Amino acid sequence: MISMRKLMLLLLILPIALFSIAQNGKEPVKVTDMLKIKSISGANLSKDGSKAVFTVTSIEPEGDNKLEYKYVNQLWIAGTDSDTKPRQLTTARESSSQGVFSPDGKQLVFVRAVDGRSQLFLLSLEGGEALQLTKFKYGAGNPKWSPDGKQILFSANIPFKELLKDSLLNPGKELPKWPMEKPGFKNNEQLKPASAKADPDGSIEEVRAYLENNAHDKKAKVFTKLNFLDEMDTNPDMGFTHFFLIEAKTDAKPTAITKGFFRYTYAEVTPDGKQLILAGNMDSTQHPDRALEGEIFIVNTNGSNLKRILGEKDRNYNSPRLSPSGKWLAFQYGNTSFVSVPALAIMPLNGSVKEKADIPFDRNKGNITWSDDEQYIYFSAQSNGGQPVYRVDLKTKKAEQLTDFNSGIGSFDIAANKMVFVKTEVASPFEVYVADAAAKNQKKISDFNTGWIADKKLSFPEKHSFKNEKGMEVEYWVMKPSNYEPGKKYPLLLEIHGGPSAMWGPGESSMWHEYQFFCSKGYGVVYANPRGSGGYGINFLRGNINDWGAGPTKDVLT
């Protein structure tokens, strides 16, 4: 006799199993299927929650060469209350992204590439062509509307050499006070542009002028950064992010809010439109790559009366987010270690650090968002192979998990008791969903990938775990070959992630195609999150400290 509880559990599991079987087609995943994947990002809701805009990235042929490809971004829009499908908003050859609704929901500001630089454009949702708002020599990105919809805040990255000679952003064309740490340079005076004639056989000044021409012509790389390595290449040039305000009309000129050789990371306009919240570091004595502390400031919209709200030695305060009324400030903070989990906290904007209230949650948090009524703070966090959305009840300071560990929410927004989000799962790497503010009553509103994947025979991972010699539970996933037959032997591929603090799982999008392709070729795939991985809390994250090699290797081979 089946108990009622078991029967209910069976009924809950059955639709999932049926969906997996029905969705699993007969065609193998091919190499060129990677070109079909459309990735989605930048989900943004209108203030009334009726419309969502997002960026869709496609892979398209590069010119006439059929073997060369490029990424193309376009904006799409969808209603959240109807069953109408999303429609494409932008079609220009140049990529468009970072769409944000104006406060009244009647127009969008977005970013489009023009002559090799990103610029801001305005698009009326009542019809007409997009109008170019900025023609800024440094480009423009990350737009945010002022609360009254009359101005737009944006950022631009200024190359170090350009900042040296920019009299607006560097009044007096001063040199940085921190040491450049450049071999052969006794002081920063030698950073000034060379005035000597270029001559490889001349004086040291003429040789420097000659070498400077080589760097300008891209024949050599001059490294001005201490942290110059990225995933695929070296990034030698130092740059500084500065923030600007511009009126939302086509003949306006931007006004610089920040200046100098300081490292800024975030800005937003206060709800009264009179000030900005800034995050960054204003230590004038240390090279920016050595100044690991983070500070939070408030400043008038004309750049005057800069005041530090939070900041201290060996502490990193970051990710400030103002509540809709402007009364409360949410932020993250921690030590300057690269291997840490910052704490989430709130405090009155006009209060002191003594009034801060910590919100316990042992995972790295991102996309911090306030609810309209200021009762909740939402965020996403990599955890146990997925990237769920959570919300914290500010009365109890407890976090509630809203989505599951088998999917990843790469982008989301909240407005008017509605949520829009981009979900990654094994059944489809990217689709757009709408739901209520508790992530219930989910409805998929896009079909960018699900359609073509329906004919593909996918391998769904099976989750397992074991305890290592330190007592840590290590999670791993096994994917059988797509045409697996019980009793037969198959070659097994062990996939190992780097970082080392990265995290893999069913909710991680970057490996979707690689795993499925190998399974379609008759391989099994196993991947794990060994000690030192993210997504399992601070102790697990630091589990490979002074044990970078042997410990994680043992976990992976186990």
# chains A, B, ... in the order shown; residues from 1 in each chain; ligands from 1
>>> residues_around(residues="Leu120 (chain A)", least_positions_apart="2", cutoff="8 Å", atoms="only C-alpha atoms", output="list in words")
Val109, Phe110, Val111, Arg112, Ser118, Leu122, Gln132, Leu133, Thr134, Ala140, Gly141 and Pro143 of chain A
>>> select_by_dssp(residues="region 28-247 of chain A", states="helix (DSSP H, G or I)", output="ChimeraX atom specification")
/A:31-36,160-164,171-173,188-191,204-216
>>> residues_around(residues="region 306-313 of chain A", least_positions_apart="2", cutoff="12 Å", atoms="only C-alpha atoms", output="count of residues only")
52
>>> closest_residue(among="A:Ala209, A:Ala437, A:Ile40, A:Ile453", to="Gly25 (chain A)", atoms="only C-alpha atoms")
A:Ile453
>>> closest_residue(among="A:His497, A:Lys47, A:Lys249, A:Thr241", to="Leu123 (chain A)", atoms="only C-alpha atoms")
A:Lys249
>>> residues_around(residues="region 499-505 of chain A", least_positions_apart="2", cutoff="8 Å", atoms="only C-alpha atoms", output="list in words")
Gln382, Asn384, Gly385, Gly386, Asn406, Trp477, His497, Gly507, Glu508, Tyr527, Ala528, Asn529, Gly532, Ser533, Gly534, Gly535 and Leu541 of chain A
>>> atom_distance(atom1="CA of Ser155 (chain A)", atom2="CA of Tyr264 (chain A)")
9.7 Å
>>> select_by_dssp(residues="region 20-194 of chain A", states="strand (DSSP E)", output="PyMOL selection string")
chain A and resi 39-45+51-62+65-79+87-88+96-101+107-114+117-124+131-132+141-145+151-159
>>> atom_distance(atom1="CA of Arg542 (chain A)", atom2="CA of Gly498 (chain A)")
14.7 Å
>>> closest_residue(among="A:Ser95, A:Ser325, A:Thr553, A:Gln442", to="Ile496 (chain A)", atoms="only C-alpha atoms")
A:Thr553
>>> atom_distance(atom1="CA of Pro342 (chain A)", atom2="CA of Ile538 (chain A)")
9.4 Å
>>> residues_around(residues="Lys467 (chain A)", least_positions_apart="5", cutoff="12 Å", atoms="only C-alpha atoms", output="ChimeraX atom specification")
/A:472-476,530-531,554-555,558
>>> closest_residue(among="A:Pro159, A:Tyr515, A:Leu394, A:Phe361", to="Glu495 (chain A)", atoms="only C-alpha atoms")
A:Tyr515
>>> residues_around(residues="Lys456 (chain A)", least_positions_apart="4", cutoff="8 Å", atoms="only C-alpha atoms", output="list of chain:residue names")
A:Asn24, A:Gly25, A:Lys26, A:Glu27, A:Pro28, A:Val29, A:Trp452
>>> residues_around(residues="region 160-168 of chain A", least_positions_apart="4", cutoff="12 Å", atoms="only C-alpha atoms", output="PyMOL selection string")
chain A and resi 137-138+156+172-176+180+188-194+212+215-216+222-225+236-242+244+254-263+288
>>> closest_residue(among="A:Lys85, A:Lys70, A:Lys219, A:Lys144", to="Lys51 (chain A)", atoms="only C-alpha atoms")
A:Lys85
